Amino acid sequence: MGSRCSFLFHHFSQAITNPLKDTIIVFVVGGPGSGKGTQCAKIVEKYGFTHLSSGDLLREEVASGSTKGKELTAIMESGQLVSMDTVLDLLKTAMIKRAAESKGFLIDGYPRELEQGKRFENEVAACKFVLYFDVADETMKTRLLGRALTSGRVDDNEETIMKRLKTFHDHTAPVMDYYAKQNKLQTVKAECSPEEVFCQVEKIFKQCCPNLKCCIDDCKVLFVVGGPGSGKGTICAKLVQSYGFCHLSSGDLLREEVASGSARGKELNAIMQKGDLVPLEVVLQLLKETMIKKAAHVKCFLIDGYPRELQQGKQFENEVAKCTNVLYFTVPDDVMVSRLLERGKTSGRIDDNEETIKKRLQTFHNITQPVIDYYEKEKKLVTINADKSVDEVFGQVQAFMKNF
C-alpha cells in the first residue's frame, strides 16, 4: 500500500511541477539530405516553435567552457559516445528554460533509437507526434553529393553517404514501427520542392494541433479592390505611411520571384512568357510565405488587387487567414478611362489606349462583381467613393480606420 501511495504521489507531483506537461513536442526524423532542417526553419517561422538539436546543444555546452562542457570534450576527444542520460539532461534543461515563451518544441533528429524516445517520454514529456520526412536513398545521396561540391565536408562522399543511410535505417526502423503502433507517426513525402513539402507539413499540424495559432493569426488583413485607374495604389501608399501597414501586390511578388532566379522563379518566367496564367495555388503560396516572414513586425496586411475572383478569396481565407474587411474603391468607368488615357500620355504603356482600357474595365466588373456581392453579404465590404481628390478619398478611409 505504501509503495503504491509513493508511486501515485511521485506522478501527481510531477504533473504539478512539470512545466512541459501541456507543451506540444514533435520529434523530427529524417535521413541525411531529407530536408528536415529546411522544414524545421519554416515551422519555427510560421508557428513560433523552438527548434532543438541534441548535436547543437552538445556543441553549445562545450563552447560554454562549463565543467560539464569540459567533461563532454574529454569524452568526445577519446572517441566515446556521449551517454543518453547526458543528452536527455541537456534537452530537458533547454526546454524548461524556453518553456514560457515557446509555442512548442521540434526535437530534431530525435530519437535516433527507440530507447531514447521511450526515456524522453517517461522522464521529460510525451511527444505529440513524430514527423518523418520520407525520401528515397537515391534522392538523399544525390542531394548530399550536390552539397559536397561546396560544403567541404569529408563525410559527403558516396561511400560514406551510403554507410550513413544504412545506419540511419537500421536505427530508425524500430522507432517508426513503435510510433506507428502508437498512432503518432506522421509521414511526409519529401521528394518534392520545399514549398510542396511544407504544404504537407501544414496539413499535418492543422490535423494534429487544431487549436494551434500561426503567426499570421494575430494580424489583420484588408483586401483592396478597385478597377484600373481607381487610385487604390495611391491610397495604399498613404495607409502604409500613416499606419505602418504592409502593402502586398501579387504582381510585385511574382516579379520578385522571377528576378530572384530561383527554380520556382524560372518556372514562373516560362509560364508568363508563354502568355499563360500563373496558377492560383502559386500566387497564394507566394502571398502566404511573404506574410509569414513579415508577420512578427506587421499589424495589418493590405492585399492589393486581391481577390481577382471569388474562389481566390475563399481559398485565401481557408488556407492563409481570414480577411478583416474588403476596401472597395468605386469610380465611374468614364472617370477611370479619362485617368488612364491621361496616364497613357507619359507612361508609354501599350495597354493605355481607349479600346483596351474599356475591355479591361469590362473584364474587371465581370470578375469582381461576385467578390463584391459575397463580401457584402458577409458584412465585410467597405465601399469608398474614389471619384474625389486624393485627400478626400483618404479622409473616407481614415474615418473607417477609427473603428478598425
# chains A, B, ... in the order shown; residues from 1 in each chain; ligands from 1
>>> residues_around(residues="segment 286-300 of chain A", least_positions_apart="4", cutoff="7 Å", atoms="only C-alpha atoms", output="ChimeraX atom specification")
/A:45-46,215-216,219-221,245-246,250,253,282,320
>>> residues_around(residues="Val224 of chain A", least_positions_apart="4", cutoff="7 Å", atoms="only C-alpha atoms", output="PyMOL selection string")
chain A and resi 302-306+326-328
>>> residues_around(residues="Gly229 of chain A", least_positions_apart="4", cutoff="10 Å", atoms="only C-alpha atoms", output="number ranges by chain")
A: 233, 329, 331, 333, 335-341, 343, 357, 361, 386
>>> closest_residue(among="A:Arg59, A:Lys141, A:Lys379, A:Lys181", to="Thr73 of chain A", atoms="only C-alpha atoms")
A:Arg59
>>> atom_distance(atom1="atom CA of Asp134 of chain A", atom2="atom CA of Val201 of chain A")
12.2 Å
>>> closest_residue(among="A:Val29, A:Val62, A:Val397, A:Cys40", to="Phe168 of chain A", atoms="only C-alpha atoms")
A:Val29
>>> closest_residue(among="A:Glu267, A:Glu202, A:Glu342, A:Glu138", to="Glu158 of chain A", atoms="only C-alpha atoms")
A:Glu138
>>> residues_around(residues="Arg255 of chain A", least_positions_apart="4", cutoff="9 Å", atoms="only C-alpha atoms", output="PDB file with N, CA and C atoms, in the first residue's frame")
ATOM      1  N   SER A 250       0.218  40.890 -55.555  1.00  0.00           N
ATOM      2  CA  SER A 250       0.596  39.591 -56.123  1.00  0.00           C
ATOM      3  C   SER A 250       1.484  39.779 -57.353  1.00  0.00           C
ATOM      4  N   GLY A 251       1.215  40.828 -58.133  1.00  0.00           N
ATOM      5  CA  GLY A 251       2.045  41.097 -59.316  1.00  0.00           C
ATOM      6  C   GLY A 251       3.486  41.377 -58.934  1.00  0.00           C
ATOM      7  N   ALA A 259      12.726  37.542 -60.645  1.00  0.00           N
ATOM      8  CA  ALA A 259      14.021  38.235 -60.570  1.00  0.00           C
ATOM      9  C   ALA A 259      15.015  37.515 -59.667  1.00  0.00           C
ATOM     10  N   SER A 260      14.496  36.733 -58.686  1.00  0.00           N
ATOM     11  CA  SER A 260      15.395  36.033 -57.748  1.00  0.00           C
ATOM     12  C   SER A 260      16.197  34.930 -58.423  1.00  0.00           C
ATOM     13  N   GLY A 265      11.059  30.657 -59.652  1.00  0.00           N
ATOM     14  CA  GLY A 265      11.057  31.872 -60.468  1.00  0.00           C
ATOM     15  C   GLY A 265      11.234  31.564 -61.947  1.00  0.00           C
ATOM     16  N   ASN A 269       8.586  32.338 -64.916  1.00  0.00           N
ATOM     17  CA  ASN A 269       9.001  33.108 -66.086  1.00  0.00           C
ATOM     18  C   ASN A 269       8.571  32.396 -67.366  1.00  0.00           C
TER      19      ASN A 269
END
>>> atom_distance(atom1="atom CA of Phe316 of chain A", atom2="atom CA of Gln396 of chain A")
26.7 Å
>>> residues_around(residues="Glu60 of chain A", least_positions_apart="4", cutoff="12 Å", atoms="only C-alpha atoms", output="ChimeraX atom specification")
/A:52-56,64-66,68-70,72-73,90-91,94
>>> select_by_dssp(residues="segment 89-152 of chain A", states="strand (DSSP E or B)", output="PyMOL selection string")
chain A and resi 105-108+129-134
>>> write_last_selection(atoms="N, CA and C atoms", output="compact mmCIF listing (two decimals), in the first residue's frame")
# COMPACT_ATOMS: atom_id res chain seq x y z
N PHE A 105 7.92 22.57 -29.22
CA PHE A 105 9.32 22.20 -29.46
C PHE A 105 9.43 21.20 -30.61
N LEU A 106 10.41 21.45 -31.48
CA LEU A 106 10.80 20.49 -32.51
C LEU A 106 12.11 19.88 -32.05
N ILE A 107 12.10 18.57 -31.78
CA ILE A 107 13.33 17.90 -31.35
C ILE A 107 13.90 17.21 -32.60
N ASP A 108 14.90 17.84 -33.16
CA ASP A 108 15.42 17.48 -34.49
C ASP A 108 16.38 16.28 -34.41
N PHE A 129 3.52 14.04 -31.70
CA PHE A 129 3.64 13.14 -32.85
C PHE A 129 5.07 13.15 -33.36
N VAL A 130 5.36 12.19 -34.25
CA VAL A 130 6.67 12.10 -34.89
C VAL A 130 6.49 12.52 -36.35
N LEU A 131 7.26 13.51 -36.77
CA LEU A 131 7.20 13.99 -38.14
C LEU A 131 8.36 13.34 -38.91
N TYR A 132 8.01 12.44 -39.81
CA TYR A 132 9.03 11.65 -40.52
C TYR A 132 9.10 12.09 -41.98
N PHE A 133 10.26 12.58 -42.39
CA PHE A 133 10.47 13.02 -43.77
C PHE A 133 11.02 11.85 -44.58
N ASP A 134 10.15 11.33 -45.43
CA ASP A 134 10.44 10.11 -46.19
C ASP A 134 10.99 10.47 -47.57
>>> closest_residue(among="A:Ala74, A:Leu20, A:Val258, A:Ile235", to="Val390 of chain A", atoms="only C-alpha atoms")
A:Ile235
>>> select_by_dssp(residues="segment 95-192 of chain A", states="alpha helix (DSSP H)", output="CSV table (one decimal) with N, CA and C atoms, in the first residue's frame")
chain,number,residue,atom,x,y,z
A,95,MET,N,14.7,22.9,-22.7
A,95,MET,CA,13.3,23.0,-22.9
A,95,MET,C,12.6,23.8,-21.8
A,96,ILE,N,13.0,23.4,-20.5
A,96,ILE,CA,12.4,24.1,-19.4
A,96,ILE,C,12.8,25.6,-19.4
A,97,LYS,N,14.0,25.9,-19.8
A,97,LYS,CA,14.5,27.3,-19.9
A,97,LYS,C,13.6,28.1,-20.9
A,98,ARG,N,13.1,27.5,-22.0
A,98,ARG,CA,12.4,28.2,-23.0
A,98,ARG,C,10.9,27.9,-23.0
A,114,LEU,N,15.1,3.7,-30.4
A,114,LEU,CA,13.8,3.6,-29.7
A,114,LEU,C,13.9,3.9,-28.2
A,115,GLU,N,15.0,3.4,-27.6
A,115,GLU,CA,15.1,3.6,-26.1
A,115,GLU,C,15.2,5.1,-25.8
A,116,GLN,N,15.8,5.9,-26.7
A,116,GLN,CA,15.9,7.3,-26.5
A,116,GLN,C,14.5,7.9,-26.4
A,117,GLY,N,13.6,7.5,-27.3
A,117,GLY,CA,12.3,8.0,-27.4
A,117,GLY,C,11.5,7.7,-26.1
A,118,LYS,N,11.6,6.4,-25.7
A,118,LYS,CA,10.9,5.9,-24.5
A,118,LYS,C,11.4,6.7,-23.3
A,119,ARG,N,12.7,6.8,-23.1
A,119,ARG,CA,13.2,7.5,-22.0
A,119,ARG,C,12.7,9.0,-21.9
A,120,PHE,N,12.8,9.6,-23.1
A,120,PHE,CA,12.3,11.0,-23.2
A,120,PHE,C,10.9,11.2,-22.7
A,121,GLU,N,10.0,10.3,-23.2
A,121,GLU,CA,8.6,10.4,-22.9
A,121,GLU,C,8.3,10.1,-21.4
A,122,ASN,N,9.1,9.2,-20.8
A,122,ASN,CA,9.0,8.9,-19.4
A,122,ASN,C,9.5,9.9,-18.5
A,123,GLU,N,10.7,10.6,-18.9
A,123,GLU,CA,11.4,11.5,-18.0
A,123,GLU,C,11.2,13.0,-18.3
A,137,ASP,N,16.6,6.7,-50.8
A,137,ASP,CA,18.0,6.8,-50.6
A,137,ASP,C,18.7,7.4,-51.8
A,138,GLU,N,18.3,7.1,-53.0
A,138,GLU,CA,19.0,7.6,-54.2
A,138,GLU,C,18.9,9.2,-54.2
A,139,THR,N,17.7,9.7,-53.8
A,139,THR,CA,17.5,11.1,-53.8
A,139,THR,C,18.4,11.8,-52.7
A,140,MET,N,18.4,11.2,-51.5
A,140,MET,CA,19.2,11.7,-50.5
A,140,MET,C,20.7,11.7,-50.9
A,141,LYS,N,21.1,10.6,-51.5
A,141,LYS,CA,22.5,10.5,-52.0
A,141,LYS,C,22.8,11.6,-53.0
A,142,THR,N,21.9,11.8,-53.9
A,142,THR,CA,22.2,12.9,-55.0
A,142,THR,C,22.2,14.3,-54.3
A,143,ARG,N,21.3,14.5,-53.4
A,143,ARG,CA,21.3,15.8,-52.7
A,143,ARG,C,22.6,16.0,-51.9
A,144,LEU,N,23.1,15.0,-51.2
A,144,LEU,CA,24.3,15.1,-50.4
A,144,LEU,C,25.6,15.3,-51.3
A,145,LEU,N,25.6,14.6,-52.4
A,145,LEU,CA,26.7,14.7,-53.3
A,145,LEU,C,26.7,16.1,-53.9
A,146,GLY,N,25.5,16.7,-54.2
A,146,GLY,CA,25.4,18.0,-54.7
A,146,GLY,C,26.0,19.0,-53.6
A,147,ARG,N,25.6,18.8,-52.4
A,147,ARG,CA,26.1,19.6,-51.3
A,147,ARG,C,27.6,19.5,-51.1
A,148,ALA,N,28.2,18.3,-51.4
A,148,ALA,CA,29.6,18.1,-51.3
A,148,ALA,C,30.4,19.0,-52.2
A,149,LEU,N,29.9,19.5,-53.3
A,149,LEU,CA,30.6,20.4,-54.2
A,149,LEU,C,31.0,21.7,-53.5
A,150,THR,N,30.2,22.1,-52.5
A,150,THR,CA,30.5,23.4,-51.9
A,150,THR,C,30.8,23.3,-50.4
A,151,SER,N,30.4,22.1,-49.7
A,151,SER,CA,30.4,22.0,-48.3
A,151,SER,C,31.8,21.8,-47.7
A,158,GLU,N,30.4,9.4,-51.7
A,158,GLU,CA,29.3,8.4,-51.9
A,158,GLU,C,29.4,7.2,-51.0
A,159,GLU,N,30.6,6.7,-50.7
A,159,GLU,CA,30.8,5.5,-49.8
A,159,GLU,C,30.3,5.8,-48.4
A,160,THR,N,30.7,7.0,-47.9
A,160,THR,CA,30.3,7.4,-46.5
A,160,THR,C,28.8,7.6,-46.4
A,161,ILE,N,28.3,8.3,-47.5
A,161,ILE,CA,26.9,8.6,-47.5
A,161,ILE,C,26.1,7.3,-47.4
A,162,MET,N,26.4,6.3,-48.2
A,162,MET,CA,25.7,5.0,-48.2
A,162,MET,C,25.7,4.4,-46.8
A,163,LYS,N,26.9,4.4,-46.2
A,163,LYS,CA,27.0,3.9,-44.8
A,163,LYS,C,26.1,4.6,-43.8
A,164,ARG,N,26.1,6.0,-44.0
A,164,ARG,CA,25.3,6.8,-43.1
A,164,ARG,C,23.8,6.5,-43.2
A,165,LEU,N,23.4,6.3,-44.5
A,165,LEU,CA,22.0,6.0,-44.8
A,165,LEU,C,21.6,4.6,-44.2
A,166,LYS,N,22.5,3.6,-44.3
A,166,LYS,CA,22.2,2.3,-43.8
A,166,LYS,C,22.1,2.4,-42.3
A,167,THR,N,23.0,3.1,-41.6
A,167,THR,CA,23.0,3.3,-40.2
A,167,THR,C,21.6,3.9,-39.7
A,168,PHE,N,21.3,5.0,-40.5
A,168,PHE,CA,20.0,5.7,-40.2
A,168,PHE,C,18.8,4.7,-40.2
A,169,HIS,N,18.7,3.9,-41.3
A,169,HIS,CA,17.6,3.0,-41.5
A,169,HIS,C,17.6,1.9,-40.4
A,170,ASP,N,18.8,1.4,-40.1
A,170,ASP,CA,18.9,0.3,-39.1
A,170,ASP,C,18.4,0.8,-37.7
A,171,HIS,N,18.8,2.0,-37.3
A,171,HIS,CA,18.4,2.6,-36.0
A,171,HIS,C,17.0,3.1,-36.0
A,172,THR,N,16.5,3.6,-37.1
A,172,THR,CA,15.2,4.3,-37.1
A,172,THR,C,14.0,3.4,-37.4
A,173,ALA,N,14.2,2.3,-38.1
A,173,ALA,CA,13.1,1.4,-38.4
A,173,ALA,C,12.3,1.0,-37.1
A,174,PRO,N,12.9,0.6,-36.0
A,174,PRO,CA,12.1,0.3,-34.8
A,174,PRO,C,11.4,1.5,-34.2
A,175,VAL,N,12.0,2.7,-34.3
A,175,VAL,CA,11.4,3.9,-33.9
A,175,VAL,C,10.1,4.2,-34.7
A,176,MET,N,10.1,4.0,-36.0
A,176,MET,CA,9.0,4.2,-36.9
A,176,MET,C,7.9,3.2,-36.5
A,177,ASP,N,8.3,2.0,-36.4
A,177,ASP,CA,7.3,0.9,-36.1
A,177,ASP,C,6.6,1.2,-34.7
A,178,TYR,N,7.3,1.6,-33.7
A,178,TYR,CA,6.8,1.8,-32.4
A,178,TYR,C,5.8,2.9,-32.4
A,179,TYR,N,6.2,4.1,-33.0
A,179,TYR,CA,5.3,5.3,-33.0
A,179,TYR,C,4.1,5.1,-34.0
A,180,ALA,N,4.3,4.3,-35.0
A,180,ALA,CA,3.1,3.9,-35.9
A,180,ALA,C,2.1,3.2,-35.1
A,181,LYS,N,2.5,2.2,-34.3
A,181,LYS,CA,1.5,1.5,-33.4
A,181,LYS,C,0.9,2.4,-32.4
>>> closest_atom_pairs(of="segment 242-343 of chain A", to="segment 372-377 of chain A", cutoff="10 Å", atoms="only C-alpha atoms", output="Markdown table")
| residue | atom | partner | partner_atom | distance |
| --- | --- | --- | --- | --- |
| A:Pro307 | CA | A:Ile372 | CA | 9.9 |
| A:Glu309 | CA | A:Ile372 | CA | 9.6 |
| A:Leu310 | CA | A:Tyr374 | CA | 7.8 |
| A:Gly313 | CA | A:Tyr375 | CA | 9.5 |
| A:Lys314 | CA | A:Tyr374 | CA | 9.9 |
| A:Cys323 | CA | A:Tyr375 | CA | 9.8 |
| A:Asn325 | CA | A:Tyr375 | CA | 8.2 |
| A:Val326 | CA | A:Tyr375 | CA | 7.2 |
| A:Leu327 | CA | A:Ile372 | CA | 9.8 |
| A:Tyr328 | CA | A:Ile372 | CA | 7.9 |
>>> atom_distance(atom1="atom CA of Gly109 of chain A", atom2="atom CA of Val28 of chain A")
5.7 Å
